[in-house]
$ cat model.cif   # mmCIF, C-alpha atoms
data_target
loop_
_atom_site.label_atom_id
_atom_site.label_comp_id
_atom_site.auth_asym_id
_atom_site.auth_seq_id
_atom_site.Cartn_x
_atom_site.Cartn_y
_atom_site.Cartn_z
CA MET A 943 11.00 27.74 167.74
CA LYS A 944 9.27 26.65 164.55
CA TYR A 945 10.96 27.64 161.29
CA GLY A 946 7.80 29.59 160.45
CA GLU A 947 7.94 31.55 163.71
CA VAL A 948 11.60 32.34 163.12
CA ALA A 949 10.89 33.47 159.56
CA ARG A 950 8.06 35.78 160.68
CA GLN A 951 9.37 37.16 163.95
CA VAL A 952 13.18 37.29 163.86
CA GLN A 953 14.67 40.28 162.07
CA PHE A 954 18.06 41.13 160.60
CA ALA A 955 18.17 44.75 161.70
CA PHE A 956 17.19 46.71 164.75
CA GLU A 957 17.53 50.37 165.52
CA LEU A 958 19.96 50.95 168.39
CA GLY A 959 20.26 54.71 168.04
CA LYS A 960 18.83 57.86 166.55
CA ASN A 961 20.52 57.35 163.17
CA ASP A 962 18.39 54.94 161.11
CA GLU A 963 21.23 53.76 158.87
CA LEU A 964 23.55 53.29 161.82
CA GLY A 965 20.93 51.16 163.52
CA GLN A 966 20.74 48.80 160.57
CA LEU A 967 24.40 47.97 161.01
CA ILE A 968 23.57 45.81 164.01
CA GLN A 969 23.62 43.14 161.30
CA ARG A 970 26.36 42.48 158.82
CA GLY A 971 25.38 42.35 155.13
CA ILE A 972 23.65 39.14 154.12
CA THR A 973 25.15 37.78 150.92
CA SER A 974 24.33 35.28 148.22
CA ARG A 975 26.17 32.60 150.22
CA THR A 976 22.77 31.74 151.74
CA LYS A 977 21.63 30.08 148.52
CA GLU A 978 23.50 26.88 149.36
CA ILE A 979 21.87 26.75 152.80
CA THR A 980 18.43 27.41 151.28
CA ASP A 981 18.90 24.59 148.77
CA TYR A 982 20.01 22.28 151.59
CA ILE A 983 16.86 23.04 153.63
CA LEU A 984 14.60 22.49 150.62
CA THR A 985 16.20 19.31 149.28
CA SER A 986 17.83 17.38 152.12
CA GLU A 987 15.64 14.75 153.73
CA HIS A 988 17.83 14.77 156.84
CA ARG A 989 18.30 18.53 157.09
CA PHE A 990 19.63 19.93 160.33
CA LEU A 991 20.73 23.46 161.18
CA GLY A 992 22.67 24.59 164.22
CA GLY A 993 20.92 26.88 166.67
CA LEU A 994 20.50 30.63 166.36
CA VAL A 995 21.56 33.18 168.96
CA ILE A 996 18.70 35.67 169.17
CA ALA A 997 18.41 38.92 171.08
CA ALA A 998 15.02 39.78 172.52
CA TRP A 999 14.70 43.56 172.72
CA GLY A 1000 12.20 44.97 175.18
CA GLY A 1001 9.05 43.06 176.07
CA GLU A 1002 9.63 43.08 179.85
CA PRO A 1003 11.18 39.58 179.98
CA THR A 1004 10.37 37.57 183.09
CA TYR A 1005 12.03 34.28 183.99
CA THR A 1006 10.15 31.89 186.26
CA PRO A 1007 12.17 28.92 187.56
CA LEU A 1008 10.50 25.50 187.70
CA SER A 1009 11.17 22.84 190.28
CA ILE A 1010 11.28 19.14 189.49
CA ASP A 1011 9.62 16.59 191.75
CA ASP A 1012 12.53 14.37 192.79
CA PRO A 1013 11.85 12.66 196.15
CA ASP A 1014 14.95 10.47 195.90
CA GLY A 1015 17.31 13.39 195.19
CA PHE A 1016 18.70 12.03 191.92
CA LEU A 1017 18.30 15.40 190.15
CA LYS A 1018 19.53 17.57 192.99
CA GLY A 1019 20.69 20.94 191.65
CA LEU A 1020 19.52 20.37 188.07
CA ASP A 1021 16.15 22.06 188.61
CA ARG A 1022 17.92 25.41 188.93
CA GLY A 1023 18.49 25.38 185.18
CA PHE A 1024 14.84 24.96 184.17
CA GLY A 1025 12.20 27.63 183.85
CA VAL A 1026 9.82 29.60 181.66
CA LEU A 1027 10.73 32.88 179.95
CA THR A 1028 7.72 35.11 179.25
CA PHE A 1029 7.30 38.46 177.46
CA ASP A 1030 4.48 41.00 177.39
CA GLY A 1031 4.15 40.80 173.59
CA THR A 1032 6.00 44.02 172.71
CA GLN A 1033 9.39 42.37 172.26
CA ALA A 1034 11.34 42.35 169.01
CA TYR A 1035 13.74 39.56 168.04
CA PHE A 1036 16.84 39.96 165.97
CA VAL A 1037 19.64 37.54 165.24
CA LEU A 1038 23.07 37.93 166.84
CA ASP A 1039 24.60 34.80 165.36
CA GLY A 1040 23.22 32.85 162.40
CA GLN A 1041 22.37 35.63 159.95
CA HIS A 1042 22.85 33.46 156.87
CA ARG A 1043 20.86 30.58 158.36
CA LEU A 1044 18.04 33.00 159.17
CA LYS A 1045 17.90 34.33 155.62
CA ALA A 1046 17.96 30.77 154.27
CA ILE A 1047 15.04 29.83 156.56
CA LYS A 1048 13.05 32.86 155.38
CA ASP A 1049 13.73 32.03 151.73
CA ALA A 1050 12.94 28.33 152.19
CA CYS A 1051 9.64 29.03 153.99
CA ARG A 1052 8.54 31.29 151.14
CA LYS A 1053 9.21 28.54 148.63
CA ASN A 1054 7.78 25.70 150.72
CA PRO A 1055 5.55 26.82 153.64
CA ASP A 1056 5.37 23.24 155.01
CA ILE A 1057 8.97 23.60 156.16
CA GLY A 1058 7.73 26.19 158.64
CA LYS A 1059 6.44 23.36 160.88
CA GLU A 1060 9.95 22.13 161.66
CA ASP A 1061 11.93 23.18 164.73
CA ILE A 1062 15.24 24.93 165.26
CA CYS A 1063 16.99 25.50 168.57
CA VAL A 1064 17.36 29.14 169.63
CA LEU A 1065 19.33 30.74 172.42
CA ILE A 1066 17.59 33.93 173.55
CA VAL A 1067 19.54 36.79 175.12
CA THR A 1068 17.34 39.45 176.70
CA HIS A 1069 18.21 43.13 176.44
CA TYR A 1070 16.70 46.34 177.70
CA ASP A 1071 16.02 49.60 175.90
CA THR A 1072 18.57 51.59 177.90
CA THR A 1073 22.02 53.00 177.21
CA ASP A 1074 23.62 50.08 179.06
CA GLY A 1075 21.41 47.65 177.17
CA ARG A 1076 22.50 49.05 173.80
CA VAL A 1077 26.16 48.89 174.83
CA ARG A 1078 25.73 45.25 175.90
CA THR A 1079 24.00 44.34 172.64
CA ARG A 1080 26.66 45.93 170.47
CA ARG A 1081 29.48 44.35 172.44
CA LEU A 1082 27.88 40.89 172.35
CA PHE A 1083 27.25 41.04 168.61
CA SER A 1084 30.74 42.36 167.91
CA ASN A 1085 32.43 39.71 170.03
CA ILE A 1086 30.42 36.83 168.56
CA ASN A 1087 31.05 37.86 164.98
CA ARG A 1088 34.64 38.95 165.47
CA ASN A 1089 35.45 35.46 166.75
CA ALA A 1090 33.43 33.75 164.02
CA LYS A 1091 34.43 35.75 160.94
CA GLN A 1092 36.16 39.04 160.32
CA THR A 1093 33.54 41.78 160.11
CA ALA A 1094 33.81 44.71 157.72
CA ILE A 1095 35.39 47.93 158.95
CA ALA A 1096 32.10 49.82 158.87
CA GLU A 1097 30.37 47.11 160.89
CA ASN A 1098 33.06 47.24 163.55
CA ILE A 1099 32.75 51.02 163.73
CA ALA A 1100 28.99 50.66 164.14
CA LEU A 1101 29.21 48.05 166.88
CA ASP A 1102 32.49 48.22 168.76
CA GLU A 1103 32.08 49.33 172.36
CA ASP A 1104 35.81 49.24 173.17
CA ASP A 1105 37.24 51.32 170.30
CA ALA A 1106 36.91 54.94 171.49
CA LEU A 1107 37.00 56.37 167.97
CA ALA A 1108 34.16 54.05 166.90
CA ILE A 1109 32.13 55.11 169.94
CA LEU A 1110 32.75 58.79 169.18
CA THR A 1111 32.00 58.37 165.47
CA ARG A 1112 28.56 56.99 166.34
CA ARG A 1113 27.98 59.80 168.82
CA LEU A 1114 28.78 62.40 166.17
CA LEU A 1115 26.20 60.83 163.86
CA GLU A 1116 23.59 61.04 166.59
CA GLU A 1117 24.41 64.32 168.34
CA HIS A 1118 26.49 66.68 166.17
CA LEU A 1119 24.24 69.48 164.94
CA PHE A 1120 25.43 69.18 161.34
CA LEU A 1121 26.51 65.55 160.96
CA SER A 1122 23.33 64.21 162.60
CA GLU A 1123 21.14 65.69 159.86
CA PRO A 1124 19.40 62.91 157.89
CA ARG A 1125 21.67 61.34 155.24
CA ARG A 1126 24.40 63.95 155.83
CA VAL A 1127 26.80 61.07 156.51
CA ARG A 1128 26.34 58.10 154.22
CA VAL A 1129 26.25 54.80 156.12
CA ILE A 1130 24.38 52.27 153.97
CA LEU A 1131 24.53 52.13 150.20
CA SER A 1132 21.42 49.97 149.83
CA THR A 1133 19.26 47.45 151.67
CA THR A 1134 16.62 44.93 150.63
CA ASP A 1135 13.45 43.59 152.25
CA ASP A 1136 15.33 40.35 152.93
CA GLY A 1137 17.84 42.18 155.10
CA GLU A 1138 20.70 42.29 152.62
CA VAL A 1139 22.82 45.33 153.40
CA LYS A 1140 25.48 46.94 151.25
CA LEU A 1141 27.67 49.34 153.16
CA ALA A 1142 28.66 52.71 151.78
CA PRO A 1143 32.21 52.70 150.42
CA GLY A 1144 34.80 55.38 151.10
CA SER A 1145 33.41 57.72 148.49
CA VAL A 1146 30.18 59.64 147.92
CA PRO A 1147 28.40 59.27 144.56
CA GLN A 1148 28.53 62.47 142.55
CA SER A 1149 24.73 62.54 142.39
CA ASP A 1150 24.09 62.11 146.14
CA PRO A 1151 21.65 64.89 147.16
CA LYS A 1152 22.60 65.18 150.85
CA ALA A 1153 25.84 63.52 151.92
CA LEU A 1154 29.04 65.29 152.85
CA THR A 1155 31.00 62.17 153.68
CA THR A 1156 30.71 58.53 154.65
CA PHE A 1157 30.71 56.69 157.95
CA THR A 1158 34.14 55.10 157.48
CA VAL A 1159 35.71 58.35 156.28
CA LEU A 1160 34.45 60.16 159.38
CA TYR A 1161 36.18 57.49 161.47
CA ASP A 1162 39.39 58.07 159.48
CA LEU A 1163 39.13 61.81 160.10
CA LEU A 1164 38.94 61.19 163.83
CA LYS A 1165 42.02 58.97 163.63
CA SER A 1166 43.96 61.89 162.12
CA LEU A 1167 42.47 64.50 164.44
CA ALA A 1168 43.33 62.39 167.50
CA TYR A 1169 47.01 63.30 167.14
CA ASP A 1170 47.33 64.73 170.67
CA GLN A 1171 44.72 62.65 172.44
CA PRO A 1172 45.53 60.30 175.35
CA LYS A 1173 46.67 56.82 174.39
CA GLU A 1174 43.43 55.43 175.80
CA ILE A 1175 41.47 57.23 173.06
CA GLN A 1176 43.65 55.66 170.37
CA ASP A 1177 43.58 52.15 171.86
CA ARG A 1178 41.03 50.08 169.94
CA ALA A 1179 40.99 47.19 172.41
CA HIS A 1180 40.11 48.87 175.71
CA ARG A 1181 37.24 51.25 176.35
CA PRO A 1182 38.33 54.52 178.04
CA ASP A 1183 36.41 55.89 181.00
CA ASP A 1184 33.49 58.24 180.39
CA ASP A 1185 35.44 61.38 181.36
CA LEU A 1186 38.09 60.73 178.71
CA LEU A 1187 35.41 60.00 176.10
CA GLU A 1188 33.58 63.21 176.94
CA ALA A 1189 36.75 65.31 176.75
CA ALA A 1190 37.75 63.74 173.43
CA TYR A 1191 34.27 64.29 171.99
CA SER A 1192 34.49 68.02 172.77
CA VAL A 1193 37.90 68.23 171.07
CA PHE A 1194 36.68 66.41 167.94
CA VAL A 1195 33.54 68.55 167.67
CA GLN A 1196 35.62 71.73 167.83
CA ARG A 1197 38.15 70.51 165.26
CA LEU A 1198 35.50 69.28 162.85
CA ASP A 1199 33.59 72.56 163.21
CA ASP A 1200 36.82 74.44 162.46
CA LEU A 1201 37.39 72.37 159.33
CA PHE A 1202 33.80 72.86 158.16
CA LYS A 1203 34.26 76.63 158.54
CA HIS A 1204 37.80 77.14 157.24
CA CYS A 1205 37.62 74.61 154.39
CA GLY A 1206 35.59 76.83 152.11
CA ASP A 1207 32.76 77.27 154.64
CA ILE A 1208 31.34 73.94 153.49
CA GLN A 1209 28.72 73.61 156.22
CA THR A 1210 27.06 76.93 155.41
CA LYS A 1211 27.09 76.16 151.69
CA LEU A 1212 25.59 72.70 152.16
CA GLU A 1213 22.86 73.84 154.51
CA ALA A 1214 21.84 76.54 152.03
CA ALA A 1215 21.88 74.21 149.01
CA THR A 1216 18.81 72.51 147.58
CA ASN A 1217 20.93 69.62 146.35
CA ALA A 1218 24.43 68.70 147.51
CA LYS A 1219 25.28 67.68 143.94
CA ASP A 1220 25.24 71.34 142.94
CA ILE A 1221 28.00 71.96 145.49
CA ARG A 1222 29.95 68.79 144.78
CA ALA A 1223 29.94 68.84 140.99
CA PRO A 1224 27.83 71.44 139.17
CA ARG A 1225 26.54 70.07 135.88
CA ASN A 1226 29.15 70.55 133.13
CA GLN A 1227 31.21 72.62 135.59
CA GLU A 1228 32.84 69.93 137.71
CA ALA A 1229 35.97 72.06 138.09
CA ASN A 1230 33.88 74.57 140.07
CA GLY A 1231 32.84 71.91 142.56
CA HIS A 1232 33.79 72.21 146.21
CA PRO A 1233 36.88 70.12 147.08
CA PHE A 1234 35.79 69.38 150.65
CA MET A 1235 32.77 67.53 149.29
CA ARG A 1236 35.19 64.78 148.26
CA PRO A 1237 36.21 62.27 150.97
CA VAL A 1238 39.67 61.89 149.43
CA VAL A 1239 40.21 65.61 150.04
CA GLN A 1240 38.73 65.45 153.54
CA LYS A 1241 41.18 62.73 154.57
CA ALA A 1242 44.15 64.49 152.98
CA VAL A 1243 43.34 67.79 154.69
CA ALA A 1244 42.91 66.16 158.10
CA ARG A 1245 46.16 64.26 157.71
CA ALA A 1246 48.20 67.24 156.48
CA VAL A 1247 46.86 69.57 159.17
CA SER A 1248 47.48 67.01 161.91
CA GLU A 1249 51.06 66.42 160.74
CA ILE A 1250 51.79 70.15 160.62
CA VAL A 1251 50.48 70.76 164.14
CA THR A 1252 52.12 67.62 165.54
CA GLU A 1253 55.49 68.72 164.13
CA GLU A 1254 54.92 72.16 165.71
CA LEU A 1255 55.33 73.95 162.40
CA LEU A 1256 52.10 75.90 163.03
CA THR A 1257 49.48 76.04 165.74
CA TRP A 1258 45.96 74.81 165.02
CA PRO A 1259 44.57 78.39 164.65
CA GLU A 1260 47.45 79.34 162.34
CA VAL A 1261 46.93 76.38 160.03
CA MET A 1262 43.18 77.06 159.95
CA THR A 1263 43.89 80.61 158.77
CA ARG A 1264 46.08 79.30 155.97
CA LEU A 1265 43.52 76.66 155.00
CA GLU A 1266 40.90 79.35 154.61
CA ALA A 1267 43.17 81.25 152.20
CA LEU A 1268 43.33 78.35 149.70
CA GLU A 1269 41.20 78.47 146.56
CA TRP A 1270 38.31 76.13 147.32
CA SER A 1271 37.52 75.14 143.77
CA MET A 1272 38.12 71.60 142.49
CA GLY A 1273 39.95 72.78 139.38
CA ALA A 1274 42.47 74.81 141.38
CA ALA A 1275 45.75 73.85 143.06
CA PRO A 1276 46.39 71.80 145.13
CA TRP A 1277 43.19 69.82 144.47
CA ILE A 1278 44.23 69.03 140.91
CA ALA A 1279 46.47 66.38 142.43
CA VAL A 1280 43.31 64.24 142.65
CA PHE A 1281 41.17 65.84 139.94
CA SER A 1282 41.55 66.17 136.18
CA PRO A 1283 40.02 69.45 134.91
CA ASP A 1284 40.18 68.09 131.35
CA SER A 1285 38.06 65.01 131.99
CA GLY A 1286 36.18 66.21 135.07
CA LYS A 1287 37.12 62.94 136.78
CA MET A 1288 38.60 62.22 140.20
CA LEU A 1289 42.04 60.61 140.41
CA THR A 1290 42.06 58.61 143.63
CA GLY A 1291 45.05 56.32 143.21
CA LYS A 1292 47.57 56.12 146.03
CA ASP A 1293 50.14 58.23 144.17
CA ASN A 1294 47.59 61.00 143.69
CA THR A 1295 46.37 60.99 147.29
CA GLU A 1296 49.94 61.06 148.64
CA LEU A 1297 50.70 63.89 146.22
CA LEU A 1298 47.78 65.91 147.56
CA VAL A 1299 49.07 65.58 151.13
CA ARG A 1300 52.55 66.68 150.03
CA LEU A 1301 51.17 69.67 148.11
CA LEU A 1302 48.95 70.69 151.02
CA ARG A 1303 51.99 70.72 153.27
CA VAL A 1304 53.95 73.04 150.99
CA HIS A 1305 50.93 75.31 150.58
CA LEU A 1306 50.27 75.52 154.31
CA ALA A 1307 53.64 75.15 156.02
CA PRO A 1308 56.64 74.48 153.75
CA GLU A 1309 59.79 73.87 155.77
CA SER A 1310 62.30 74.64 153.03
CA LYS A 1311 62.65 75.59 149.39
CA SER A 1312 63.86 72.07 148.67
CA ASP A 1313 60.56 70.68 150.05
CA ILE A 1314 58.70 72.96 147.64
CA GLN A 1315 60.88 71.90 144.73
CA ARG A 1316 60.37 68.20 145.49
CA ALA A 1317 56.61 68.63 145.75
CA ARG A 1318 56.41 70.48 142.43
CA LYS A 1319 58.59 67.81 140.79
CA SER A 1320 56.30 65.08 142.17
CA TYR A 1321 53.35 66.85 140.59
CA LYS A 1322 55.10 66.92 137.21
CA ASP A 1323 56.06 63.24 137.47
CA ILE A 1324 52.56 62.09 138.44
CA ARG A 1325 50.30 64.51 136.59
CA GLY A 1326 52.55 65.18 133.60
CA GLY A 1327 52.57 68.98 133.67
CA MET A 1328 53.96 72.01 135.44
CA TYR A 1329 52.42 72.87 138.79
CA PRO A 1330 50.47 76.13 138.35
CA ILE A 1331 51.65 77.67 141.65
CA SER A 1332 55.22 78.96 141.38
CA GLU A 1333 58.04 78.17 143.78
CA GLU A 1334 58.24 81.89 144.57
CA ASP A 1335 54.59 82.06 145.63
CA LEU A 1336 54.85 78.94 147.79
CA THR A 1337 58.01 80.26 149.45
CA LYS A 1338 55.98 83.09 150.99
CA ASN A 1339 54.55 80.61 153.51
CA LEU A 1340 57.90 79.18 154.65
CA VAL A 1341 58.08 78.26 158.32
CA THR A 1342 61.30 77.99 160.33
CA GLY A 1343 61.71 76.61 163.82
CA GLY A 1344 57.97 76.24 164.23
CA LYS A 1345 57.33 79.90 163.32
CA PRO A 1346 56.05 81.34 160.05
CA GLU A 1347 58.72 83.34 158.21
CA MET A 1348 58.07 87.05 158.07
#

$ encode --input "model.cif" --output "structure tokens"
Amino acid sequence: MKYGEVARQVQFAFELGKNDELGQLIQRGITSRTKEITDYILTSEHRFLGGLVIAAWGGEPTYTPLSIDDPDGFLKGLDRGFGVLTFDGTQAYFVLDGQHRLKAIKDACRKNPDIGKEDICVLIVTHYDTTDGRVRTRRLFSNINRNAKQTAIAENIALDEDDALAILTRRLLEEHLFLSEPRRVRVILSTTDDGEVKLAPGSVPQSDPKALTTFTVLYDLLKSLAYDQPKEIQDRAHRPDDDLLEAAYSVFVQRLDDLFKHCGDIQTKLEAATNAKDIRAPRNQEANGHPFMRPVVQKAVARAVSEIVTEELLTWPEVMTRLEALEWSMGAAPWIAVFSPDSGKMLTGKDNTELLVRLLRVHLAPESKSDIQRARKSYKDIRGGMYPISEEDLTKNLVTGGKPEM
């Protein structure tokens, strides 16, 4: 293909699902590293770039083999590798391998259109707009880039067709009644016309008007909530069969729905709100914000609950009942492990997040008075003050032998 054709027709992103942001993650973020390649194309008299691997999506591809006239039989068998690939004109091209070279070509052609007359070798892989076609595309992209350079966690979650939790995370974004709402789960922080993509980090900006959580955090929640799932669901390297995936999806939907209900009824509050910021951090009243709007709290709750149920201290319904009884206000205990009421700022260091998990455990299912004492001491050591919930009050929830004390 001519450089100019590549620059005009080959894209960085293509939508592979119902979630627009998720679809853009078919390409990894394009960084400033392309500047060196662009300069090379513009200035080197003997420039040469390696070929691009391009996916052709749709377009009803048709391959017509060509035979070679060879009466003496010197080329016997070679003609099977020659032919013409045609499309109906509706195809879309996007790059599977060579993202930085593609961006450099686009930039160079803008600066010097004459470069568009030069050629670059392309390898075209045809795909179909079907479920199997999307799976094949994701797997091919993931394998190519995993072997070439380590991809970011979010990109692997978006593309991996072997990791069951990645597959189910994407399905939740596309099918879950609440999480599939536009921008409810933050996937991409920003994108440019050139295809540069910045992925959402593990936190949600305080001013975000819609998001509850982020793509990578949702994946982390599933990792915690998979505590009793078959080993195939927790194996990242081998895709489980469809029956196991379907059963696991039903379990995750139920557990997430339970959390959304019992963690301060966050789903109802968000759906009724004009702006999620008013739920997350009301202006000048950050301490009244909802704790479950913070990914650090979401992960801590999922981890603590999963540990409690795994250790058979409480059943899932029992721990949900106790979760619901907590004070769901950011300035209250135990959330002050990761929030400073004085400054209105989040405290997301490792010591603080581990402290929150420990405090959640002694609020929900303390195993002994000594556990309570150690948790309260940890709070004093890390936060520099007395924990506002007394040992006596926390003792009321003691569990023994897997049963709540009466």

$ atom_distance --input "model.cif" --atom1 "atom CA of Glu1249 of chain A" --atom2 "atom CA of Glu1309 of chain A"
12.5 Å

$ resolve_selection --input "model.cif" --expression "the PyMOL selection byres ((chain A and resi 1126) around 6)" --output "number ranges by chain"
A: 1121, 1123-1125, 1127, 1152-1154

$ resolve_selection --input "model.cif" --expression "the PyMOL selection byres ((chain A and resi 1242) around 9)" --output "MDAnalysis selection string"
chainID A and resid 1237:1241 1243:1247 1295:1296 1298:1299 1302

$ atom_distance --input "model.cif" --atom1 "atom CA of Val1261 of chain A" --atom2 "atom CA of Ala1106 of chain A"
26.3 Å

$ residues_around --input "model.cif" --residues "Val1304 of chain A" --least-positions-apart "6" --cutoff "9 Å" --atoms "all atoms listed in the file" --output "PDB file with C-alpha atoms, in the coordinates of the input"
ATOM      1  CA  SER A1310      62.300  74.640 153.030  1.00  0.00           C
ATOM      2  CA  ASP A1313      60.560  70.680 150.050  1.00  0.00           C
ATOM      3  CA  ILE A1314      58.700  72.960 147.640  1.00  0.00           C
ATOM      4  CA  ALA A1317      56.610  68.630 145.750  1.00  0.00           C
ATOM      5  CA  LEU A1336      54.850  78.940 147.790  1.00  0.00           C
ATOM      6  CA  THR A1337      58.010  80.260 149.450  1.00  0.00           C
ATOM      7  CA  ASN A1339      54.550  80.610 153.510  1.00  0.00           C
ATOM      8  CA  LEU A1340      57.900  79.180 154.650  1.00  0.00           C
TER       9      LEU A1340
END

$ closest_residue --input "model.cif" --among "A:Arg950, A:Lys1311, A:Arg1236, A:Arg1197" --to "Ser1271 of chain A" --atoms "all atoms listed in the file"
A:Arg1236

$ residues_near_point --input "model.cif" --point "(11.8, 43.9, 175.6)" --cutoff "7 Å" --atoms "all atoms listed in the file" --output "list in words"
Ala998, Trp999, Gly1000, Gly1001, Glu1002, Pro1003, Thr1032, Gln1033, Ala1034, His1069 and Tyr1070 of chain A

$ resolve_selection --input "model.cif" --expression "the PyMOL selection byres ((chain A and resi 1096) around 9)" --output "PyMOL selection string"
chain A and resi 967+1093-1095+1097-1101+1129+1141-1143+1157-1158

$ closest_residue --input "model.cif" --among "A:Leu1110, A:Phe990, A:Thr1290, A:Pro1259" --to "Ala1189 of chain A" --atoms "only C-alpha atoms"
A:Leu1110

$ closest_residue --input "model.cif" --among "A:Leu1212, A:Leu994, A:Glu1334, A:Leu1297" --to "Arg1316 of chain A" --atoms "only C-alpha atoms"
A:Leu1297

$ closest_residue --input "model.cif" --among "A:Thr1257, A:Ser1149, A:Thr1263, A:Ser1248" --to "Arg1303 of chain A" --atoms "only C-alpha atoms"
A:Ser1248

$ residues_around --input "model.cif" --residues "segment 1282-1285 of chain A" --least-positions-apart "3" --cutoff "10 Å" --atoms "only C-alpha atoms" --output "ChimeraX atom specification"
/A:1227-1230,1272-1274,1277-1279,1288-1289,1325

$ atom_distance --input "model.cif" --atom1 "atom CA of Cys1051 of chain A" --atom2 "atom CA of Ile983 of chain A"
9.4 Å

$ closest_residue --input "model.cif" --among "A:Asp1185, A:Asp1011, A:Glu1266, A:Asp1220" --to "Leu1306 of chain A" --atoms "all atoms listed in the file"
A:Glu1266

$ residues_near_point --input "model.cif" --point "(22.4, 25.2, 151.5)" --cutoff "12 Å" --atoms "all atoms listed in the file" --output "PyMOL selection string"
chain A and resi 974-986+989-991+1042-1047+1049-1050

$ decode --input "model.cif" --residues "segment 1241-1253 of chain A" --atoms "N, CA and C atoms" --output "CSV table (one decimal), in the first residue's frame"
chain,number,residue,atom,x,y,z
A,1241,LYS,N,-12.7,-1.9,46.4
A,1241,LYS,CA,-11.8,-3.0,46.5
A,1241,LYS,C,-11.6,-3.6,47.9
A,1242,ALA,N,-11.6,-2.7,48.9
A,1242,ALA,CA,-11.4,-3.1,50.3
A,1242,ALA,C,-12.7,-3.9,50.7
A,1243,VAL,N,-13.9,-3.4,50.4
A,1243,VAL,CA,-15.1,-4.1,50.8
A,1243,VAL,C,-15.1,-5.5,50.1
A,1244,ALA,N,-14.9,-5.6,48.8
A,1244,ALA,CA,-14.9,-6.9,48.1
A,1244,ALA,C,-13.9,-7.8,48.7
A,1245,ARG,N,-12.7,-7.3,49.1
A,1245,ARG,CA,-11.7,-8.2,49.7
A,1245,ARG,C,-12.1,-8.7,51.1
A,1246,ALA,N,-12.6,-7.7,51.9
A,1246,ALA,CA,-12.9,-8.1,53.3
A,1246,ALA,C,-14.1,-9.1,53.3
A,1247,VAL,N,-15.1,-8.8,52.5
A,1247,VAL,CA,-16.3,-9.7,52.4
A,1247,VAL,C,-15.9,-11.1,52.0
A,1248,SER,N,-15.1,-11.1,50.9
A,1248,SER,CA,-14.6,-12.4,50.4
A,1248,SER,C,-13.8,-13.2,51.4
A,1249,GLU,N,-12.9,-12.6,52.1
A,1249,GLU,CA,-12.2,-13.3,53.2
A,1249,GLU,C,-13.1,-13.8,54.3
A,1250,ILE,N,-14.0,-13.0,54.7
A,1250,ILE,CA,-14.9,-13.4,55.8
A,1250,ILE,C,-15.7,-14.6,55.4
A,1251,VAL,N,-16.3,-14.6,54.1
A,1251,VAL,CA,-17.1,-15.8,53.7
A,1251,VAL,C,-16.2,-17.0,53.4
A,1252,THR,N,-15.0,-16.8,52.9
A,1252,THR,CA,-14.1,-17.9,52.6
A,1252,THR,C,-13.7,-18.6,53.9
A,1253,GLU,N,-13.5,-17.8,54.9
A,1253,GLU,CA,-13.1,-18.4,56.2
A,1253,GLU,C,-14.2,-18.9,57.0
